[in-house]
>>> print(open('protein.txt').read())   # compact mmCIF, C-alpha atoms
# COMPACT_ATOMS: atom_id res chain seq x y z
CA MET A 4 -0.14 49.39 -18.80
CA TRP A 5 1.81 51.63 -21.10
CA ARG A 6 2.40 55.01 -19.55
CA LEU A 7 2.22 58.16 -21.63
CA PRO A 8 3.72 61.26 -20.04
CA ARG A 9 0.87 63.60 -19.32
CA ALA A 10 0.40 66.85 -17.51
CA LEU A 11 -2.40 65.78 -15.26
CA CYS A 12 -2.21 63.66 -12.16
CA VAL A 13 -5.23 61.96 -10.68
CA GLN A 14 -6.87 63.25 -7.55
CA ALA A 15 -8.06 61.37 -4.50
CA ALA A 16 -11.75 60.64 -4.19
CA ARG A 17 -13.24 62.01 -1.03
CA THR A 18 -15.84 60.19 0.98
CA SER A 19 -19.02 61.22 2.69
CA LYS A 20 -21.36 59.37 4.99
CA LEU A 21 -24.34 61.50 4.11
CA PRO A 22 -27.33 59.20 3.52
CA GLY A 23 -28.48 60.70 0.25
CA PRO A 24 -28.86 63.80 -1.89
CA TRP A 25 -31.85 64.94 0.14
CA SER A 26 -29.51 65.61 3.06
CA ARG A 27 -27.39 68.08 1.13
CA PRO A 28 -28.18 71.78 0.71
CA ALA A 29 -29.17 72.88 -2.76
CA ALA A 30 -26.25 75.31 -2.86
CA PHE A 31 -23.79 72.42 -2.49
CA MET A 32 -25.46 70.37 -5.20
CA SER A 33 -25.31 73.28 -7.62
CA THR A 34 -21.51 73.39 -7.30
CA LEU A 35 -21.21 69.97 -8.92
CA LEU A 36 -19.99 70.20 -12.50
CA ILE A 37 -22.78 67.93 -13.67
CA ASN A 38 -25.27 70.70 -12.81
CA GLN A 39 -23.44 73.35 -14.83
CA PRO A 40 -24.71 73.99 -18.37
CA GLN A 41 -21.35 73.33 -20.05
CA TYR A 42 -21.33 69.81 -18.58
CA ALA A 43 -24.92 68.92 -19.43
CA TRP A 44 -23.53 66.27 -21.80
CA LEU A 45 -22.74 64.10 -18.77
CA LYS A 46 -26.44 63.34 -18.49
CA GLU A 47 -26.33 61.80 -21.98
CA LEU A 48 -24.44 58.96 -20.29
CA GLY A 49 -27.22 58.49 -17.73
CA LEU A 50 -25.27 60.23 -14.97
CA ARG A 51 -26.80 62.48 -12.33
CA GLU A 52 -25.80 64.26 -9.11
CA GLU A 53 -25.65 61.03 -7.10
CA ASN A 54 -25.17 57.73 -8.90
CA GLU A 55 -25.62 54.19 -7.73
CA GLY A 56 -22.36 52.26 -7.97
CA VAL A 57 -23.63 48.69 -7.92
CA TYR A 58 -25.15 46.85 -10.86
CA ASN A 59 -26.16 43.20 -10.90
CA GLY A 60 -29.28 43.34 -13.03
CA SER A 61 -30.57 46.29 -11.05
CA TRP A 62 -28.85 49.41 -9.73
CA GLY A 63 -28.16 50.01 -6.07
CA GLY A 64 -25.46 50.49 -3.47
CA ARG A 65 -25.37 50.72 0.31
CA GLY A 66 -21.78 51.81 0.86
CA GLU A 67 -20.12 55.17 1.30
CA VAL A 68 -20.79 58.05 -1.04
CA ILE A 69 -17.70 59.41 -2.76
CA THR A 70 -17.28 62.58 -4.76
CA THR A 71 -15.13 62.42 -7.86
CA TYR A 72 -13.15 65.49 -8.89
CA CYS A 73 -11.80 66.86 -12.12
CA PRO A 74 -7.99 66.84 -11.75
CA ALA A 75 -7.69 69.81 -14.12
CA ASN A 76 -9.31 72.17 -11.60
CA ASN A 77 -10.13 70.08 -8.50
CA GLU A 78 -13.82 70.84 -8.91
CA PRO A 79 -16.38 68.16 -7.90
CA ILE A 80 -18.09 66.42 -10.80
CA ALA A 81 -20.72 64.18 -9.18
CA ARG A 82 -21.15 61.56 -6.49
CA VAL A 83 -21.21 57.77 -6.52
CA ARG A 84 -22.56 55.50 -3.80
CA GLN A 85 -20.19 52.58 -3.53
CA ALA A 86 -20.83 48.92 -2.77
CA SER A 87 -20.97 47.57 0.73
CA VAL A 88 -19.70 44.08 1.50
CA ALA A 89 -23.34 42.95 1.55
CA ASP A 90 -23.78 44.42 -1.95
CA TYR A 91 -20.73 42.48 -3.07
CA GLU A 92 -22.15 39.22 -1.72
CA ASP A 93 -25.47 39.77 -3.48
CA THR A 94 -23.72 40.62 -6.73
CA VAL A 95 -21.49 37.54 -6.73
CA LYS A 96 -24.50 35.31 -6.18
CA LYS A 97 -26.42 36.94 -9.03
CA ALA A 98 -23.40 36.81 -11.33
CA ARG A 99 -22.93 33.09 -10.75
CA GLU A 100 -26.61 32.48 -11.43
CA ALA A 101 -26.32 34.50 -14.63
CA TRP A 102 -23.37 32.33 -15.69
CA LYS A 103 -25.66 29.29 -15.85
CA ILE A 104 -27.57 31.03 -18.65
CA TRP A 105 -24.61 32.67 -20.41
CA ALA A 106 -22.47 29.50 -20.55
CA ASP A 107 -25.22 27.64 -22.44
CA ILE A 108 -25.31 30.22 -25.23
CA PRO A 109 -23.14 29.18 -28.21
CA ALA A 110 -19.91 31.14 -28.51
CA PRO A 111 -20.83 32.81 -31.84
CA LYS A 112 -24.11 33.99 -30.28
CA ARG A 113 -22.16 35.39 -27.37
CA GLY A 114 -20.02 37.13 -29.96
CA GLU A 115 -23.15 38.77 -31.37
CA ILE A 116 -23.86 40.32 -27.96
CA VAL A 117 -20.29 41.60 -27.78
CA ARG A 118 -20.73 43.06 -31.27
CA GLN A 119 -23.75 44.98 -30.02
CA ILE A 120 -21.75 46.24 -27.03
CA GLY A 121 -19.11 47.53 -29.44
CA ASP A 122 -21.74 49.30 -31.52
CA ALA A 123 -23.27 50.88 -28.42
CA LEU A 124 -19.84 52.18 -27.41
CA ARG A 125 -19.33 53.59 -30.92
CA GLU A 126 -22.50 55.63 -30.53
CA LYS A 127 -21.20 57.17 -27.29
CA ILE A 128 -17.50 57.36 -28.14
CA GLN A 129 -17.16 61.15 -28.09
CA VAL A 130 -19.17 61.76 -24.95
CA LEU A 131 -17.61 58.81 -23.11
CA GLY A 132 -14.14 59.90 -24.21
CA SER A 133 -14.93 63.38 -22.87
CA LEU A 134 -15.82 61.84 -19.50
CA VAL A 135 -12.50 59.97 -19.46
CA SER A 136 -10.72 63.27 -20.04
CA LEU A 137 -12.79 65.09 -17.41
CA GLU A 138 -12.59 62.53 -14.60
CA MET A 139 -9.24 60.84 -15.23
CA GLY A 140 -7.35 63.85 -16.57
CA LYS A 141 -5.85 62.67 -19.84
CA ILE A 142 -6.21 64.76 -22.97
CA LEU A 143 -9.39 64.34 -24.99
CA VAL A 144 -7.82 62.55 -27.94
CA GLU A 145 -6.47 59.88 -25.55
CA GLY A 146 -9.82 59.59 -23.82
CA VAL A 147 -11.60 58.96 -27.12
CA GLY A 148 -8.80 56.61 -28.18
CA GLU A 149 -9.27 54.57 -25.05
CA VAL A 150 -12.94 54.00 -25.85
CA GLN A 151 -11.88 53.12 -29.40
CA GLU A 152 -9.70 50.35 -27.93
CA TYR A 153 -12.76 48.84 -26.28
CA VAL A 154 -14.62 49.06 -29.60
CA ASP A 155 -11.70 47.42 -31.40
CA ILE A 156 -11.41 44.54 -28.94
CA CYS A 157 -15.14 43.93 -29.30
CA ASP A 158 -14.65 43.57 -33.07
CA TYR A 159 -11.72 41.24 -32.45
CA ALA A 160 -13.70 39.16 -29.94
CA VAL A 161 -16.59 38.71 -32.38
CA GLY A 162 -14.29 36.95 -34.84
CA LEU A 163 -12.58 35.03 -32.08
CA SER A 164 -15.93 33.65 -30.90
CA ARG A 165 -15.96 31.44 -34.02
CA MET A 166 -12.36 30.28 -33.68
CA ILE A 167 -11.60 29.37 -30.08
CA GLY A 168 -10.97 25.69 -29.52
CA GLY A 169 -8.37 23.02 -29.01
CA PRO A 170 -6.62 20.63 -31.39
CA ILE A 171 -7.31 17.00 -32.18
CA LEU A 172 -4.07 15.19 -31.33
CA PRO A 173 -2.84 11.83 -32.66
CA SER A 174 -3.30 9.00 -30.19
CA GLU A 175 -0.78 6.16 -29.91
CA ARG A 176 -3.63 3.72 -29.25
CA PRO A 177 -5.72 2.31 -32.11
CA GLY A 178 -9.36 3.36 -32.08
CA HIS A 179 -8.71 6.33 -29.80
CA ALA A 180 -9.00 10.11 -30.24
CA LEU A 181 -7.13 12.66 -28.16
CA ILE A 182 -8.60 16.17 -28.02
CA GLU A 183 -8.28 19.38 -26.05
CA GLN A 184 -11.53 20.80 -24.72
CA TRP A 185 -11.66 24.45 -23.59
CA ASN A 186 -14.38 25.66 -21.23
CA PRO A 187 -15.02 28.96 -19.46
CA VAL A 188 -13.62 29.40 -15.97
CA GLY A 189 -16.88 30.92 -14.71
CA LEU A 190 -16.74 34.27 -12.90
CA VAL A 191 -13.97 36.67 -13.91
CA GLY A 192 -13.24 39.47 -11.46
CA ILE A 193 -11.72 42.57 -13.06
CA ILE A 194 -9.97 45.24 -10.99
CA THR A 195 -8.76 48.18 -13.08
CA ALA A 196 -6.57 51.20 -12.36
CA PHE A 197 -7.31 54.91 -12.73
CA ASN A 198 -4.95 55.56 -15.64
CA PHE A 199 -6.81 53.42 -18.19
CA PRO A 200 -10.35 53.27 -16.79
CA VAL A 201 -12.04 52.00 -19.99
CA ALA A 202 -9.60 50.11 -22.22
CA VAL A 203 -8.32 47.60 -19.66
CA TYR A 204 -11.81 46.63 -18.64
CA GLY A 205 -12.67 46.28 -22.32
CA TRP A 206 -9.72 43.99 -23.03
CA ASN A 207 -10.81 41.67 -20.24
CA ASN A 208 -14.56 41.98 -20.65
CA ALA A 209 -14.88 41.35 -24.39
CA ILE A 210 -12.61 38.29 -24.42
CA ALA A 211 -14.00 36.87 -21.16
CA LEU A 212 -17.55 37.16 -22.47
CA ILE A 213 -17.05 35.30 -25.73
CA CYS A 214 -15.23 32.57 -23.79
CA GLY A 215 -18.44 32.04 -21.80
CA ASN A 216 -17.59 33.83 -18.57
CA VAL A 217 -19.48 36.45 -16.62
CA CYS A 218 -17.65 39.51 -15.30
CA LEU A 219 -17.54 41.45 -12.05
CA TRP A 220 -15.83 44.84 -12.33
CA LYS A 221 -14.31 47.06 -9.67
CA GLY A 222 -12.81 50.18 -11.17
CA ALA A 223 -10.68 52.76 -9.38
CA PRO A 224 -12.69 54.90 -6.92
CA THR A 225 -11.33 58.07 -8.53
CA THR A 226 -12.90 57.11 -11.87
CA SER A 227 -16.18 55.74 -10.56
CA LEU A 228 -18.32 57.81 -12.93
CA ILE A 229 -16.58 56.17 -15.88
CA SER A 230 -17.28 52.71 -14.44
CA VAL A 231 -20.95 53.59 -13.99
CA ALA A 232 -21.28 55.13 -17.48
CA VAL A 233 -19.65 52.16 -19.24
CA THR A 234 -21.77 49.68 -17.30
CA LYS A 235 -24.95 51.55 -18.22
CA ILE A 236 -24.06 51.16 -21.90
CA ILE A 237 -23.43 47.43 -21.49
CA ALA A 238 -26.48 46.90 -19.30
CA LYS A 239 -28.81 48.29 -21.96
CA VAL A 240 -27.46 45.82 -24.52
CA LEU A 241 -27.98 42.90 -22.14
CA GLU A 242 -31.44 44.06 -21.15
CA ASP A 243 -32.47 44.64 -24.78
CA ASN A 244 -31.49 41.01 -25.49
CA LYS A 245 -33.42 39.80 -22.44
CA LEU A 246 -30.25 38.54 -20.79
CA PRO A 247 -29.40 38.82 -17.08
CA GLY A 248 -27.68 42.12 -16.37
CA ALA A 249 -25.47 40.34 -13.84
CA ILE A 250 -23.51 38.90 -16.77
CA CYS A 251 -21.58 42.20 -16.54
CA SER A 252 -21.78 43.25 -12.92
CA LEU A 253 -20.29 46.30 -11.24
CA THR A 254 -19.28 46.93 -7.63
CA CYS A 255 -17.67 50.34 -7.19
CA GLY A 256 -15.60 50.33 -4.05
CA GLY A 257 -12.26 50.54 -2.35
CA ALA A 258 -9.79 48.12 -0.83
CA ASP A 259 -12.48 46.21 1.06
CA ILE A 260 -14.17 45.13 -2.17
CA GLY A 261 -10.85 44.38 -3.84
CA THR A 262 -9.75 42.22 -0.93
CA ALA A 263 -13.05 40.37 -0.96
CA MET A 264 -12.59 39.59 -4.65
CA ALA A 265 -9.03 38.37 -4.13
CA LYS A 266 -10.00 36.05 -1.29
CA ASP A 267 -13.25 34.79 -2.79
CA GLU A 268 -13.08 31.20 -4.10
CA ARG A 269 -16.18 31.94 -6.20
CA VAL A 270 -14.07 34.32 -8.33
CA ASN A 271 -12.50 31.83 -10.70
CA LEU A 272 -10.07 34.28 -12.29
CA LEU A 273 -9.03 37.67 -10.94
CA SER A 274 -7.56 40.15 -13.41
CA PHE A 275 -5.76 42.92 -11.53
CA THR A 276 -4.19 46.03 -12.98
CA GLY A 277 -2.30 48.29 -10.58
CA SER A 278 0.96 48.80 -8.77
CA THR A 279 3.50 46.05 -8.22
CA GLN A 280 3.22 46.53 -4.46
CA VAL A 281 -0.53 45.96 -4.34
CA GLY A 282 -0.35 43.33 -7.07
CA LYS A 283 1.97 41.27 -4.91
CA GLN A 284 -0.59 41.31 -2.09
CA VAL A 285 -3.36 40.36 -4.51
CA ALA A 286 -1.29 37.51 -5.93
CA LEU A 287 -0.64 36.08 -2.47
CA MET A 288 -4.33 36.23 -1.51
CA VAL A 289 -5.39 34.52 -4.73
CA GLN A 290 -2.64 31.92 -4.54
CA GLU A 291 -3.52 31.12 -0.93
CA ARG A 292 -6.84 29.76 -2.19
CA PHE A 293 -5.18 28.16 -5.27
CA GLY A 294 -7.04 30.61 -7.48
CA ARG A 295 -6.02 32.03 -10.84
CA SER A 296 -4.81 35.57 -11.33
CA LEU A 297 -3.91 37.71 -14.32
CA LEU A 298 -1.56 40.48 -13.20
CA GLU A 299 -0.71 43.61 -15.16
CA LEU A 300 1.45 45.66 -12.84
CA GLY A 301 4.08 48.39 -12.94
CA GLY A 302 6.09 49.45 -15.95
CA ASN A 303 9.32 51.40 -16.34
CA ASN A 304 9.95 51.61 -20.04
CA ALA A 305 13.26 52.23 -21.77
CA ILE A 306 13.97 53.58 -25.24
CA ILE A 307 17.44 52.96 -26.69
CA GLY A 308 18.79 55.20 -29.41
CA LYS A 309 21.32 57.83 -30.45
CA ALA A 310 18.29 59.88 -28.72
CA ALA A 311 18.51 61.11 -25.50
CA LEU A 312 14.78 61.29 -18.98
CA SER A 313 15.99 66.53 -14.08
CA PHE A 314 13.52 66.71 -11.33
CA LEU A 315 9.80 67.27 -11.46
CA PHE A 316 8.49 70.83 -11.17
CA VAL A 317 4.94 71.38 -9.94
CA MET A 318 3.24 74.15 -11.81
CA ASP A 319 1.80 77.00 -9.76
CA ARG A 320 -1.76 76.95 -11.06
CA PRO A 321 -5.12 75.45 -10.09
CA GLY A 322 -5.51 71.73 -10.61
CA ASN A 323 -2.85 69.04 -10.64
CA TYR A 324 -0.21 69.85 -13.22
CA VAL A 325 3.47 69.04 -13.49
CA GLU A 326 5.95 70.06 -16.15
CA PRO A 327 7.64 67.37 -18.23
CA THR A 328 11.14 66.97 -16.86
CA ILE A 329 14.43 65.58 -18.19
CA VAL A 330 16.97 64.14 -15.76
CA THR A 331 20.64 63.68 -16.64
CA GLY A 332 23.77 62.88 -14.67
CA LEU A 333 22.43 59.89 -12.74
CA GLY A 334 23.92 56.42 -12.76
CA HIS A 335 22.02 53.74 -14.63
CA ASP A 336 21.55 51.87 -11.35
CA ALA A 337 20.15 54.85 -9.41
CA SER A 338 17.18 53.65 -7.34
CA ILE A 339 14.94 56.49 -8.51
CA ALA A 340 15.47 55.48 -12.12
CA HIS A 341 14.42 51.94 -11.25
CA THR A 342 11.19 53.16 -9.65
CA GLU A 343 8.01 53.62 -11.64
CA THR A 344 6.87 57.23 -11.32
CA PHE A 345 3.46 58.32 -12.53
CA ALA A 346 4.76 61.59 -13.89
CA PRO A 347 6.35 62.87 -17.12
CA ILE A 348 9.97 62.28 -16.09
CA LEU A 349 12.59 61.11 -18.58
CA TYR A 350 15.96 59.82 -17.36
CA VAL A 351 18.79 60.03 -19.90
CA PHE A 352 21.87 57.78 -19.72
CA LYS A 353 24.88 57.57 -22.01
CA PHE A 354 26.00 54.07 -22.91
CA LYS A 355 29.16 52.70 -24.52
CA ASN A 356 27.93 49.76 -26.51
CA GLU A 357 25.00 47.49 -27.30
CA GLU A 358 25.82 44.82 -24.74
CA GLU A 359 25.96 47.41 -21.95
CA VAL A 360 22.69 49.14 -22.79
CA PHE A 361 20.82 45.87 -23.29
CA ALA A 362 21.93 44.86 -19.79
CA TRP A 363 20.74 48.22 -18.38
CA ASN A 364 17.35 47.69 -19.97
CA ASN A 365 17.05 44.27 -18.36
CA GLU A 366 18.39 45.14 -14.90
CA VAL A 367 15.21 46.90 -13.75
CA LYS A 368 12.63 44.75 -11.98
CA GLN A 369 9.79 45.80 -14.24
CA GLY A 370 9.46 44.23 -17.68
CA LEU A 371 6.56 45.81 -19.52
CA SER A 372 7.74 47.61 -22.65
CA SER A 373 10.96 48.67 -24.33
CA SER A 374 12.10 50.00 -27.69
CA ILE A 375 15.21 50.55 -29.77
CA PHE A 376 15.76 52.97 -32.62
CA THR A 377 18.20 51.61 -35.19
CA LYS A 378 18.62 50.73 -38.88
CA ASP A 379 21.07 47.91 -38.11
CA LEU A 380 19.27 44.66 -38.96
CA GLY A 381 21.63 42.58 -36.87
CA ARG A 382 21.00 44.78 -33.84
CA ILE A 383 17.25 44.57 -34.39
CA PHE A 384 17.24 40.79 -34.24
CA ARG A 385 19.67 40.67 -31.31
CA TRP A 386 17.30 43.06 -29.50
CA LEU A 387 14.38 40.71 -30.23
CA GLY A 388 16.36 37.57 -29.39
CA PRO A 389 17.20 35.65 -26.20
CA LYS A 390 19.93 38.09 -25.11
CA GLY A 391 17.91 41.16 -26.03
CA SER A 392 15.07 42.86 -24.18
CA ASP A 393 13.35 40.75 -21.53
CA CYS A 394 10.12 42.76 -21.67
CA GLY A 395 6.69 41.55 -22.71
CA ILE A 396 6.53 44.26 -25.39
CA VAL A 397 9.68 44.74 -27.47
CA ASN A 398 9.51 47.45 -30.12
CA VAL A 399 11.76 48.70 -32.91
CA ASN A 400 11.67 52.26 -34.23
CA ILE A 401 8.47 53.16 -32.41
CA PRO A 402 7.90 54.49 -28.87
CA THR A 403 7.02 52.28 -25.91
CA SER A 404 3.58 53.84 -25.56
CA GLY A 405 0.53 52.43 -27.25
CA ALA A 406 -0.21 48.89 -28.37
CA GLU A 407 -2.47 47.31 -30.95
CA ILE A 408 -5.23 45.06 -29.66
CA GLY A 409 -4.27 42.17 -31.95
CA GLY A 410 -1.21 41.28 -29.87
CA ALA A 411 -1.10 40.05 -26.29
CA PHE A 412 -0.49 42.92 -23.85
CA GLY A 413 1.50 42.45 -20.66
CA GLY A 414 4.97 42.19 -19.20
CA GLU A 415 7.47 40.02 -17.39
CA LYS A 416 9.11 40.02 -13.95
CA HIS A 417 7.51 42.52 -11.53
CA THR A 418 5.04 43.54 -14.21
CA GLY A 419 3.23 40.32 -13.33
CA GLY A 420 3.44 38.03 -16.35
CA GLY A 421 -0.23 38.38 -17.31
CA ARG A 422 -1.41 38.80 -20.89
CA GLU A 423 -4.57 40.58 -22.02
CA SER A 424 -6.18 41.50 -25.33
CA GLY A 425 -5.14 39.63 -28.50
CA SER A 426 -3.09 36.65 -29.68
CA ASP A 427 -3.81 33.64 -27.43
CA ALA A 428 -4.57 35.70 -24.31
CA TRP A 429 -8.07 34.17 -24.46
CA LYS A 430 -6.64 30.98 -22.97
CA GLN A 431 -6.27 32.67 -19.59
CA TYR A 432 -10.05 33.03 -19.40
CA MET A 433 -10.68 29.33 -19.98
CA ARG A 434 -9.80 25.99 -18.45
CA ARG A 435 -8.33 23.19 -20.55
CA SER A 436 -9.16 19.51 -20.40
CA THR A 437 -7.23 16.80 -22.25
CA CYS A 438 -9.81 14.23 -23.33
CA THR A 439 -9.20 10.68 -24.55
CA ILE A 440 -12.10 8.99 -26.33
CA ASN A 441 -12.02 5.25 -26.94
CA TYR A 442 -14.23 4.23 -29.87
CA SER A 443 -12.77 0.74 -30.21
CA LYS A 444 -13.84 -2.55 -28.63
CA ASP A 445 -10.58 -2.91 -26.74
CA LEU A 446 -9.20 -1.25 -23.63
CA PRO A 447 -5.47 -0.73 -24.29
CA LEU A 448 -3.24 1.29 -21.96
CA ALA A 449 -0.78 3.96 -22.98
CA GLN A 450 2.94 3.24 -23.31
CA GLY A 451 2.03 -0.35 -24.33
CA ILE A 452 1.57 -1.42 -20.71
CA LYS A 453 -0.13 -4.79 -20.27
CA PHE A 454 -1.19 -6.35 -17.01
CA GLN A 455 -0.65 -10.14 -17.14
>>> encode(input="protein.txt", output="structure tokens")
Amino acid sequence: MWRLPRALCVQAARTSKLPGPWSRPAAFMSTLLINQPQYAWLKELGLREENEGVYNGSWGGRGEVITTYCPANNEPIARVRQASVADYEDTVKKAREAWKIWADIPAPKRGEIVRQIGDALREKIQVLGSLVSLEMGKILVEGVGEVQEYVDICDYAVGLSRMIGGPILPSERPGHALIEQWNPVGLVGIITAFNFPVAVYGWNNAIALICGNVCLWKGAPTTSLISVAVTKIIAKVLEDNKLPGAICSLTCGGADIGTAMAKDERVNLLSFTGSTQVGKQVALMVQERFGRSLLELGGNNAIIGKAALSFLFVMDRPGNYVEPTIVTGLGHDASIAHTETFAPILYVFKFKNEEEVFAWNNEVKQGLSSSIFTKDLGRIFRWLGPKGSDCGIVNVNIPTSGAEIGGAFGGEKHTGGGRESGSDAWKQYMRRSTCTINYSKDLPLAQGIKFQ
């Protein structure tokens, strides 16, 4: 993910083993933000004091109840009952049954459903963006922009639903055709991080759906209300079209659900967004079962220019705020500068020449995004070339934050190598078969081999 410096840091969700809202005193329930008049808009998203965090055609959940908090003031917003392992098992079974129906629907018709999902998100963009700001902590304009990304990728996926396919290749044998056939992988598991709780799911969901897959989502526990609200919007579209709701399933939960997804052979592709440390564990669990993973892990982005990242100061006020901080005087190889920090810290280094600074950019283990500011055309193309930046996103004269949905998003090295969103990222959600069709009366072998 691209990381924009922001003043708010996410809070930890707190758990409760209370069996239900009836066990809680009315005074406690009234302290939830959702019950305060200024937050009445939350109910426009179908949210209430306690929300069920499992959807597979019907809503439920038998796991722990967590409270999510607004990081701006640490006040409780509402509660979500998470999935138990039994809920997860039920949901996977229903999702795989739903796939049998979804895979038979022609791709352009699947695109029509995705178009309707995009329209439904458009209708709720302001209120859903406000929830992103409230629960995750980013500023409102970013929250709304994140929902807009989901809308945009839905539009993109609609067009793509009429274009996906493989080539017809020339065969060396007379009377033969050689083609590539692309088919859906089946069940796509999607684990998203707190910092982009809508857009990343959207990138995966919209493309996976038009490819013929069904989706199972586990968002971050600290943004569970967002996961529930988005799923409610999608569920209504599916239900209105008389399609199984399990096509887009949800299991809110913690590490137990994530581990189950990683180890589950029924999850044909697991898309994971998170830290490099956890991503490495996920990759090993998926690889152990010879599964497929799409990893979008840590970033540590550099900007090169005749521009100029001091230590972080926590602000003495309610909530979770830190002041943007500039650090100078460190060596380019300082370990702290090579570590991804979820905070608005900018490290500034002075370099002597192009070769040196390109090497500094490439020496970090992460390889998500990078940018250079220059008017030198030669330098621009060296920066884009084989000895330039080794990142997945290489920019010129723009910051490292933000990305358009038309290009593939992802990074190299410890960022995981996965690609989401545009370009040919759709191929990761499908399996490819090379097919030879003999329409002649003979049975020739390739390479001119003949058995005498």
>>> closest_residue(input="protein.txt", among="A:Gly148, A:Pro224, A:Gly414, A:Gly121", to="A:Thr71", atoms="all atoms listed in the file")
A:Pro224
>>> closest_residue(input="protein.txt", among="A:Leu241, A:Ile339, A:Ala180, A:Leu253", to="A:Glu115", atoms="all atoms listed in the file")
A:Leu241
>>> residues_around(input="protein.txt", residues="A:Tyr153", least_positions_apart="5", cutoff="12 Å", atoms="all atoms listed in the file", output="PyMOL selection string")
chain A and resi 117-118+120-125+127-128+131-132+146-148+158-160+199-210+233+237+407-408+424
>>> closest_residue(input="protein.txt", among="A:Met288, A:Gly215, A:Val399, A:Thr94", to="A:Lys112", atoms="all atoms listed in the file")
A:Gly215
>>> residues_around(input="protein.txt", residues="A:Leu448", least_positions_apart="5", cutoff="10 Å", atoms="only C-alpha atoms", output="PyMOL selection string")
chain A and resi 175-176+453-454
>>> atom_distance(input="protein.txt", atom1="atom CA of A:Pro40", atom2="atom CA of A:Lys239")
26.3 Å
>>> atom_distance(input="protein.txt", atom1="atom CA of A:Tyr91", atom2="atom CA of A:Arg65")
10.0 Å
>>> axis_aligned_box(input="protein.txt", around="stretch 357-375 of chain A", padding_each_side="8 Å", output="AutoDock Vina command-line options")
--center_x 16.3 --center_y 47.4 --center_z -20.9 --size_x 35.4 --size_y 22.3 --size_z 33.8
>>> closest_residue(input="protein.txt", among="A:Ile250, A:Val188, A:Val351, A:Val231", to="A:Leu273", atoms="only C-alpha atoms")
A:Val188
>>> residues_near_point(input="protein.txt", point="(-11.4, 35.6, -9.1)", cutoff="8 Å", atoms="only C-alpha atoms", output="list of chain:residue names")
A:Leu190, A:Val191, A:Gly192, A:Met264, A:Ala265, A:Lys266, A:Asp267, A:Glu268, A:Arg269, A:Val270, A:Asn271, A:Leu272, A:Leu273, A:Ser274, A:Val289, A:Gly294, A:Arg295, A:Ser296
>>> write_last_selection(input="protein.txt", atoms="C-alpha atoms", output="PDB file, keeping the file's coordinate frame")
ATOM      1  CA  LEU A 190     -16.740  34.270 -12.900  1.00  0.00           C
ATOM      2  CA  VAL A 191     -13.970  36.670 -13.910  1.00  0.00           C
ATOM      3  CA  GLY A 192     -13.240  39.470 -11.460  1.00  0.00           C
ATOM      4  CA  MET A 264     -12.590  39.590  -4.650  1.00  0.00           C
ATOM      5  CA  ALA A 265      -9.030  38.370  -4.130  1.00  0.00           C
ATOM      6  CA  LYS A 266     -10.000  36.050  -1.290  1.00  0.00           C
ATOM      7  CA  ASP A 267     -13.250  34.790  -2.790  1.00  0.00           C
ATOM      8  CA  GLU A 268     -13.080  31.200  -4.100  1.00  0.00           C
ATOM      9  CA  ARG A 269     -16.180  31.940  -6.200  1.00  0.00           C
ATOM     10  CA  VAL A 270     -14.070  34.320  -8.330  1.00  0.00           C
ATOM     11  CA  ASN A 271     -12.500  31.830 -10.700  1.00  0.00           C
ATOM     12  CA  LEU A 272     -10.070  34.280 -12.290  1.00  0.00           C
ATOM     13  CA  LEU A 273      -9.030  37.670 -10.940  1.00  0.00           C
ATOM     14  CA  SER A 274      -7.560  40.150 -13.410  1.00  0.00           C
ATOM     15  CA  VAL A 289      -5.390  34.520  -4.730  1.00  0.00           C
ATOM     16  CA  GLY A 294      -7.040  30.610  -7.480  1.00  0.00           C
ATOM     17  CA  ARG A 295      -6.020  32.030 -10.840  1.00  0.00           C
ATOM     18  CA  SER A 296      -4.810  35.570 -11.330  1.00  0.00           C
TER      19      SER A 296
END
>>> atom_distance(input="protein.txt", atom1="atom CA of A:Arg435", atom2="atom CA of A:Ile396")
26.2 Å
>>> residues_around(input="protein.txt", residues="A:Glu183", least_positions_apart="3", cutoff="12 Å", atoms="all atoms listed in the file", output="ChimeraX atom specification")
/A:167-173,180,186,433-440
>>> residues_around(input="protein.txt", residues="A:Pro109", least_positions_apart="4", cutoff="12 Å", atoms="all atoms listed in the file", output="ChimeraX atom specification")
/A:104-105,113-116,164-165,167,186-187,212-215
>>> decode(input="protein.txt", residues="stretch 446-451 of chain A", atoms="N, CA and C atoms", output="CSV table (one decimal), in the first residue's frame")
chain,number,residue,atom,x,y,z
A,446,LEU,N,-2.6,-37.7,-36.7
A,446,LEU,CA,-2.3,-37.6,-35.3
A,446,LEU,C,-0.8,-37.3,-35.2
A,447,PRO,N,-0.3,-36.2,-35.8
A,447,PRO,CA,1.1,-35.9,-35.8
A,447,PRO,C,1.6,-35.5,-34.4
A,448,LEU,N,2.9,-35.7,-34.1
A,448,LEU,CA,3.5,-35.2,-32.9
A,448,LEU,C,4.2,-33.9,-33.1
A,449,ALA,N,4.5,-33.2,-32.0
A,449,ALA,CA,5.2,-32.0,-32.1
A,449,ALA,C,6.7,-32.3,-32.3
A,450,GLN,N,7.5,-31.3,-32.8
A,450,GLN,CA,8.9,-31.4,-33.1
A,450,GLN,C,9.2,-32.4,-34.2
A,451,GLY,N,8.1,-32.8,-35.0
A,451,GLY,CA,8.3,-33.7,-36.1
A,451,GLY,C,8.7,-35.2,-35.7
